[in-house]
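Below is one structure, written out as structure tokens, with a few remarks after it.
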Amino acid sequence: MADLTTNCAGIRSPNPFWLASAPPANSGGQVQRAFDAGWGGAVWKTLGQPIQNVSSRFGGHTIGGVRGAGFNNIELITDRPLEVNFREIYETKKKYPKHAVIVSLMVETEAEWKDIIARSIDAGADGLELNFGCPHGMCERGMGSAVGQEPKVNERITGWAVQYSTVPVLIKLTPNVGDINPHGLAARRGGAHGVSLINTIKSIIGVDLDRMVPEPRVGGLSTNGGYCGAAVKPIALHMVAQLARNPGFGLPISGIGGVCNWRDAVEFILLGASSVQVCTEVMLRGYRIVEDLIEGLSTYMDTHGVATVDQLVGRAVRGYSEWGDLDLNYETVARIDAKECIGCQLCVTACHDGAHQCIHPQPDTRVPRVDESECVGCNLCKIVCPVPGCITMAQVDNGYAPATWNQHVHAGAALRPKKGAH
Amino acid sequence: MGDGSNPGWAIPAERAEAAFADYKPAYSAGQAVAEAWRCLYCSDAPCTQACPTHIDVPQFIRKIAAGNDEGAARSILAANVLGTSCARVCPVETLCVGACVYNQLGHPPIQIGRLQRYATDRALDAGWRFDHAGPDSGRSVALIGAGPASLACAHELRKAGHRCVVFEKRDVVGGLNTTGVAPYKMRADTALREAAWVLGIGGCEVRTGVEVGREVSLADLEREFDAVFFGAGLGADTRLGVAGEDLPGVYGAVAFIEALKLGVVDLAGVRHALVVGGGNTAIDGVRELLTLGVPSVSLVYRGVQAGMPGYAHEWSAAQVKGAKAEWHAAPVAFEGEGRVQRAVLGRMDASKRPTGDTYTIAADLVLVAIGQGKLGALLAGLPGVRIDKGVVVADADGFTGRPKWYVGGDARNGGKEVVNAAAEGKAAALAICRALA
């Protein structure tokens with residue numbers, strides 16, 4: 001069996017699966033139950049200045065009947081007394097010395113940072129995570145994403161933390177920026193040992209149609225919250241990969257955003273994450289989901305002959321390129337396996353209404369026909385097909401040598417004739 | 001009219017059918033939405049193609065999923081105004097549900113009937129109406145029989161503003177929906193509620209207790225109306241023609257089912273019941289007697305299970321209830337002192353022909369379910385109307401060939417489903433509208 005032990009920015013854990021800083025990591029009792037279930041680490045719910053939370057706090061986005069496919073919250077950092085949190089961190093570390101306990105922090109002044117870092121390390125923290133990401137409530141007070149969106153402030157506070165900390169410092173970045181690179185680089189300049197991303201995305205999860213008030217509703221009002229859950233994974237994967245492929249960055253990454261199962265986790269690892277944090281799926285289904293994360297990753301590593309997690313980290317980064325470097329002469333067409341087809345004809349409608357009108361119903365069979373001379377190989381039919389493996393995208397040898405847009409523009413490389421462009 | 005309060009349609013509060021629970025119970029909103037989200041929303045969907053009224057099934061199911069119940073009901077009822085009863089009585093296993101592509105995938109097919117019931121029940125509960133009577137056309141149409149075919153026909157005619165007069169020999173409307181549907185599928189009060197909703201479009205006069213050919217003549221109808229729709233359905237139970245058939249305790253199945261749906265039946269002391277026949281009415285009879293507490297109920301059929309005209313899924317459900325069967329058998333006589341006590345059954349060969357062997361089994365109740373008489377002969381006196389084996393011959397729109405005369409439902413198709421009657425009634429109405437335009 002593969003070795004899942006993890007070293008992310010100097011923080012060691014039995015596996016790369018950490019609870020993200022959030023309600024599932026709100027108390028010692030919870031974190032200890034999570035460790036018993038198999039989680040390798042936990043980023044404690046953010047400690048900081050006293051706050052007061054509202055009721056209600058969460059909103060769910062139901063997509064296609066799947067409840068909580070997207071999720072948002074307007075909850076703030078911990079509302080429990082600091083001394084209680086530190087005592088429970090101490091007890092948890094004492095009981096689980098090999099598990100990683102990372103303490104998430106969010107305060108304002110240098111003196112506050114110095115004090116809370118010292119107390120966290122005294123309690124036994126294996127690492128610190130600076131919350132520069134929270135997009136609601138705290139940012140209005142000059143913290144959270146208000147810091148994460150200003151590279152200079154980010155760099156300065158990171159510098160304080162690194163100066164006062166004897167354990168690794170991770171900077172948790174906000175996705176509420178146009179380009180993640182300057183923010184990752186600011187953390188690097190500040191001396192951070194690593195970054196974690198993404199925090200939640202500024203959002204309104206929905207509107208109560210009867211009351212005509214956005215959700216989650218607090219009396220007659222609502223406010224923007226942080227969006228997360230399965231639906232945000234693609235955004236998170238992109239930002240993780242953006243930093244991972246930036247040759248000027250080079251710091252370890254703890255990946256966060258919509259991880260629900262082992263496949264999601266492996267995707268983050270392949271795009272550069274050396275640990276993976278999970279919140280929403282645990283909120284929705286409980287700590288027990290870690291069993292699949294561990295088994296799935298382990299089996300995947302065995303299948304691919306990978307002995308340690310390190311060997312897997314970033315393996316798909318080189319496959320993430322610029323559009324101008326893609327081969328325009330690479331050609332695929334859709335092929336429908338008549339034996340597998342159940343005749344739903346979802347591909348017909350999708351192709352006719354949403355693509356290039358090249359899949360046609362046939363008079364004597366429910367199995368549609370692909371006009372390969374018109375098929376642009378867009379994948380839409382394969383995406384809507386409910387039968388796994390029924391529609392495949394087959395590569396076509398068109399006789400053209402590979403040619404990118406850049407090669408075409410700069411060196412006149414020959415491009416194959418366009419399809420579906422008449 | 002239309003609010004269900006017509007005193008002419010009153011049925012007793014105490015009815016034997018009240019003992020039956022729904023075989024396919026109503027969905028809650030949560031159940032309906034969960035099932036609706038399973039639908040793949042097929043293009044040119046096989047379920048819609050399989051429906052004689054071509055309800056846009058994926059569209060109405062998607063609306064249920066999205067919480068647009070009113071839109072879902074509109075999709076259903078615009079195609080088939082009898083969607084409420086069809087949701088319950090359609091043999092969906094052989095129609096829409098049987099066509100669901102999930103069957104090909106080895107997944108449970110979408111429960112289209114139960115979803116349709118959910119949406120149409122919401123419509124009746126809320127009193128939603130999607131169609132309204134057109135401005136008075138000055139034309140009028142007579143409809144013979146108040147069953148599903150005539151109800152669907154009248155509703156469509158009213159949209160065009162044609163006045164409708166429905167002649168019904170019974171005291172209740174709804175035809176077999178009211179008197180003949182197995183109560184675990186639909187009870188009489190639901191059928192009447194639907195009929196009231198359909199007729200709620202207004203402008204339909206229903207004359208119950210009036211038998212055409214007796215109280216009113218065909219010539220009267222042809223003279224007084226601009227068109228006549230013949231939707232009289234089928235006649236009385238066919239008799240076996242064997243000795244002892246008139247003994248007390250031997251009933252025609254349709255008559256017996258009508259009795260239990262519209263009142264009470266006395267099954268005290270009945271221990272061994274036989275139901276003769278192999279169609280769906282016979283299977284219904286078996287399930288009904290078992291549910292009413294008869295300890296032993298056997299089907300008597302000339303052939304074997306595989307050759308029965310009744311649906312396999314219906315017989316499977318009867319077997320779950322404890323149904324037994326006498327295969328390759330047909331009654332040659334019923335015997336008993338004062339009432340039926342025994343049946344003498346003749347053994348049949350593989351070709352359903354008598355072998356000459358007989359045997360006797362206990363039978364203190366017998367339902368004969370070998371078919372119903374055809375009523376086409378009622379129109380035999382009308383030149384230009386052709387009758388073939390008892391059913392009225394018509395073109396695809398139900399036109400008989402004699403000006404003014406149209407036909408639909410069991411009187412035309414010899415005995416099919418409610419959904420066929422609904423489709424034929426609507427098609428005939430559209431043809432009448434064209435003729436009167």
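If you're wondering about the labels, chains in the structure tokens are A, B, ... by order shown, residues count from 1 in each chain, ligands from 1 in order shown.
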
_Show me, as a PyMOL selection string, the residues of chain A whose atoms get within 12 Å of chain B, using only C-alpha atoms for the distance check._
chain A and resi 62-67+339-353+360-362+365-368+384-388+390

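For Leu367 (chain B), the list of residues within 9 Å, based on only C-alpha atoms and with local chain neighbours fewer than 5 positions off taken out, reads Gly249, Val250, Tyr251, Gly252, Ala253, Val254, Phe256, Ala273, Leu274, Val275, Val276, Gly277, Ala282, Gly285 and Val286 of chain B.
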
*Residues at most 7 Å from Glu374 (chain A), counting only C-alpha atoms, excluding those fewer than 5 positions away in the same chain, as an MDAnalysis selection string?*
chainID A and resid 358 419:420

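Minimum distance to Gly144 (chain A) across A:Val240, A:Val207, A:Ile253, A:Leu173 (counting only C-alpha atoms) occurs at A:Leu173.
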
*Run DSSP on the backbone of this structure and report the residues of region 45-261 of chain A it assigns to strand (DSSP E or B), as a PyMOL selection string.*
chain A and resi 45-48+58-63+66-73+100-106+127-131+169-172+194-197+201-203+206-208+213-215+218+221+225-228+253-256

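As for CA of Ala423 (chain B) and CA of Cys90 (chain B), they are spaced 12.8 Å apart.
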
*Tell me, as an MDAnalysis selection string, which residues lie within 7 Å of Tyr359 (chain B), counting only C-alpha atoms; anything in the same chain fewer than 6 positions away does not count.*
chainID B and resid 344:346
